[in-house]
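Written below as structure tokens is the structure these notes are about.
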Amino acid sequence: MADRALFYEEVPAASGLELAVRRGFLADADLQFPALLEETPWTQGAIVVLGRKRPIPRLEAWYGDPGRNYTYSGRRLEPLQWTPRLAELRDRCAAAVGEAFDSVLVNCYRNGDDAVGWHSDDEPELGHQPVIASLSLGATRRFRLRRRDGHHDPVTLDLEHGDLLVMRGTTQELWEHCLTRTTRPVGERLNLTFRRIVDPSPTRGRG
């Protein structure tokens, strides 16, 4: 298992938050970024808000081992087959974190209008206290976290090109996170969140 001390760089201490970041983890990020943009079959999903279907403000693709379906926000994603590139990135992140991953959600934030709202990665498929390894490529964007009970000041991190962020322990149970919109000009950003499905039941998931 990798030395976890390598990850603890510029991360504020907070109750119930097991958060680690390794700056510049992906040494070949300049090569991986354009290739992933080109190779990924992007789709734009939709969610129902107040009875109306609205497109989510980002593009995405879900990859994983056979049967590793994922359900969130009332949407059921069936996995695409691993590409050699994504399988290699999965294995590199798994070796660094000391965990095995069998799936990844790849998000593309095209500009400052693309974002993801407050949420926790606490779907039943992920099991108790899941480990999420989040790899950032492209433009720097602001990542925010807040305790669900409001008993701590929010935590803010600017995630940069090649950074690896790891969430584990009670983070998903006690905290929420988001990627905020920005009015400043900003380029494309990719985010690969590697995870492990412990209960692939298609009937479960957040509505």
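By order in the structure tokens, chains are A, B, ...; within a chain, residues start at 1; ligands start at 1, following the order shown.
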
Report as a tab-separated table the residues of range 39-69 of chain A within 8 Å of range 78-90 of chain A, each with its shortest atom pair and distance in Å (one decimal), using only C-alpha atoms, ordered by chain and increasing residue number.
residue	atom	partner	partner_atom	distance
A:Ala61	CA	A:Leu80	CA	7.8
A:Trp62	CA	A:Pro79	CA	5.3
A:Tyr63	CA	A:Leu80	CA	4.5
A:Gly64	CA	A:Pro79	CA	5.0
A:Asp65	CA	A:Gln81	CA	7.0
A:Pro66	CA	A:Pro79	CA	6.9
A:Gly67	CA	A:Pro79	CA	7.3
A:Arg68	CA	A:Pro79	CA	6.2
A:Asn69	CA	A:Glu78	CA	4.7

Same residues, N, CA and C atoms, output as a PDB file, in the first residue's frame:
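After the write, result34.pdb holds the following:
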ATOM      1  N   ALA A  61     -19.606  10.120 -18.799  1.00  0.00           N
ATOM      2  CA  ALA A  61     -19.546   8.738 -19.291  1.00  0.00           C
ATOM      3  C   ALA A  61     -19.245   7.850 -18.094  1.00  0.00           C
ATOM      4  N   TRP A  62     -19.886   6.675 -18.059  1.00  0.00           N
ATOM      5  CA  TRP A  62     -19.720   5.726 -16.953  1.00  0.00           C
ATOM      6  C   TRP A  62     -19.070   4.459 -17.473  1.00  0.00           C
ATOM      7  N   TYR A  63     -17.934   4.084 -16.892  1.00  0.00           N
ATOM      8  CA  TYR A  63     -17.200   2.877 -17.272  1.00  0.00           C
ATOM      9  C   TYR A  63     -17.098   1.956 -16.071  1.00  0.00           C
ATOM     10  N   GLY A  64     -17.005   0.658 -16.329  1.00  0.00           N
ATOM     11  CA  GLY A  64     -16.819  -0.251 -15.212  1.00  0.00           C
ATOM     12  C   GLY A  64     -16.775  -1.702 -15.631  1.00  0.00           C
ATOM     13  N   ASP A  65     -16.540  -2.558 -14.657  1.00  0.00           N
ATOM     14  CA  ASP A  65     -16.601  -3.997 -14.881  1.00  0.00           C
ATOM     15  C   ASP A  65     -18.024  -4.394 -15.253  1.00  0.00           C
ATOM     16  N   PRO A  66     -18.216  -5.537 -15.906  1.00  0.00           N
ATOM     17  CA  PRO A  66     -19.568  -5.970 -16.280  1.00  0.00           C
ATOM     18  C   PRO A  66     -20.510  -6.009 -15.077  1.00  0.00           C
ATOM     19  N   GLY A  67     -21.717  -5.483 -15.270  1.00  0.00           N
ATOM     20  CA  GLY A  67     -22.732  -5.496 -14.231  1.00  0.00           C
ATOM     21  C   GLY A  67     -22.604  -4.395 -13.205  1.00  0.00           C
ATOM     22  N   ARG A  68     -21.590  -3.542 -13.327  1.00  0.00           N
ATOM     23  CA  ARG A  68     -21.407  -2.473 -12.345  1.00  0.00           C
ATOM     24  C   ARG A  68     -22.266  -1.271 -12.723  1.00  0.00           C
ATOM     25  N   ASN A  69     -23.581  -1.464 -12.578  1.00  0.00           N
ATOM     26  CA  ASN A  69     -24.522  -0.375 -12.830  1.00  0.00           C
ATOM     27  C   ASN A  69     -24.474   0.617 -11.671  1.00  0.00           C
TER      28      ASN A  69
END

Quick one: of A:Gly98, A:Pro124, A:Gly169, A:Pro185, who's nearest to Leu17 in chain A, counting only C-alpha atoms? A:Gly169

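Each of A:Leu192, A:Leu31, A:Val166, A:Leu145 was checked against Glu99 in chain A using only C-alpha atoms; the smallest atom-to-atom distance is that of A:Val166.
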
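Compared by their closest atoms to Asp30 in chain A, and using only C-alpha atoms, the residues A:Leu157, A:Val198, A:Ala139, A:Ala96 rank with A:Ala139 nearest.
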
Selected residue, from A:Ser134, A:Thr171, A:Asn111, A:Ser73, that lies nearest to Gly187 in chain A when counting only C-alpha atoms: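 Residue with the minimum atom-to-atom distance to Gly187 in chain A: A:Asn111.
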
Could you give me, as a ChimeraX atom specification, the residues within 12 Å of Asp153 in chain A, counting only C-alpha atoms and dropping anything in the same chain fewer than 3 positions from it? /A:12-15,17,144-150,156,175

Would you save the residues from that selection as a tab-separated table (two decimals), in the first residue's frame, using N, CA and C atoms?
chain	number	residue	atom	x	y	z
A	12	PRO	N	-7.21	21.24	4.98
A	12	PRO	CA	-7.62	21.67	6.32
A	12	PRO	C	-8.18	20.50	7.13
A	13	ALA	N	-7.90	20.50	8.45
A	13	ALA	CA	-8.45	19.49	9.34
A	13	ALA	C	-9.89	19.86	9.68
A	14	ALA	N	-10.78	18.87	9.67
A	14	ALA	CA	-12.19	19.11	9.98
A	14	ALA	C	-12.80	17.83	10.52
A	15	SER	N	-13.73	17.96	11.46
A	15	SER	CA	-14.35	16.81	12.11
A	15	SER	C	-15.09	15.93	11.11
A	17	LEU	N	-14.10	14.59	8.43
A	17	LEU	CA	-13.68	14.74	7.03
A	17	LEU	C	-12.34	14.04	6.83
A	144	ARG	N	-15.76	22.50	-3.16
A	144	ARG	CA	-16.18	22.93	-1.83
A	144	ARG	C	-16.83	21.76	-1.08
A	145	LEU	N	-16.67	21.76	0.23
A	145	LEU	CA	-17.29	20.76	1.09
A	145	LEU	C	-17.94	21.46	2.28
A	146	ARG	N	-19.05	20.89	2.76
A	146	ARG	CA	-19.71	21.42	3.95
A	146	ARG	C	-20.30	20.26	4.74
A	147	ARG	N	-20.28	20.40	6.08
A	147	ARG	CA	-20.90	19.38	6.92
A	147	ARG	C	-22.41	19.46	6.78
A	148	ARG	N	-23.03	18.30	6.77
A	148	ARG	CA	-24.49	18.25	6.63
A	148	ARG	C	-25.19	18.93	7.79
A	149	ASP	N	-24.61	18.84	9.01
A	149	ASP	CA	-25.26	19.44	10.17
A	149	ASP	C	-24.85	20.89	10.40
A	150	GLY	N	-24.00	21.42	9.53
A	150	GLY	CA	-23.59	22.82	9.65
A	150	GLY	C	-22.64	23.10	10.79
A	156	THR	N	-12.67	24.59	1.33
A	156	THR	CA	-12.53	24.91	-0.09
A	156	THR	C	-11.15	24.50	-0.59
A	175	TRP	N	-20.52	14.76	5.27
A	175	TRP	CA	-20.23	15.95	4.47
A	175	TRP	C	-20.88	15.86	3.09

A:Gly162, A:Gly117, A:Gly51, A:Pro130 ranked by distance to Glu176 in chain A, top pick (using only C-alpha atoms): A:Gly117

Nearest residue to Asp121 in chain A out of A:Tyr72, A:Phe33, A:Tyr109, A:Trp42, using only C-alpha atoms?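 Of A:Tyr72, A:Phe33, A:Tyr109, A:Trp42, the one nearest Asp121 in chain A, counting only C-alpha atoms, is A:Tyr72.
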
Calculate how many Å separate CA of Gln32 in chain A from CA of Leu19 in chain A, rounding to one decimal.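 The value is 24.6 Å.
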
All residues 8 Å or closer to range 177-183 of chain A, only C-alpha atoms, same chain fewer than 3 positions away omitted, as a VMD selection string: chain A and resid 112 to 120 141 to 146

So how many Å separate CA of His161 in chain A and CA of Val21 in chain A, to one decimal?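 Between CA of His161 in chain A and CA of Val21 in chain A the gap is 12.4 Å.
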
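Backbone DSSP assigns alpha helix (DSSP H) in range 23-132 of chain A to Ala29, Asp30, Leu31, Gln32, Phe33, Pro34, Ala35, Leu36, Leu37, Glu38, Glu39, Pro84, Arg85, Leu86, Ala87, Glu88, Leu89, Arg90, Asp91, Arg92, Cys93, Ala94, Ala95, Ala96 and Val97 of chain A.
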
One decimal, Å: what's the distance from CA of Val11 in chain A over to CA of Ala94 in chain A, could you say? 20.7 Å
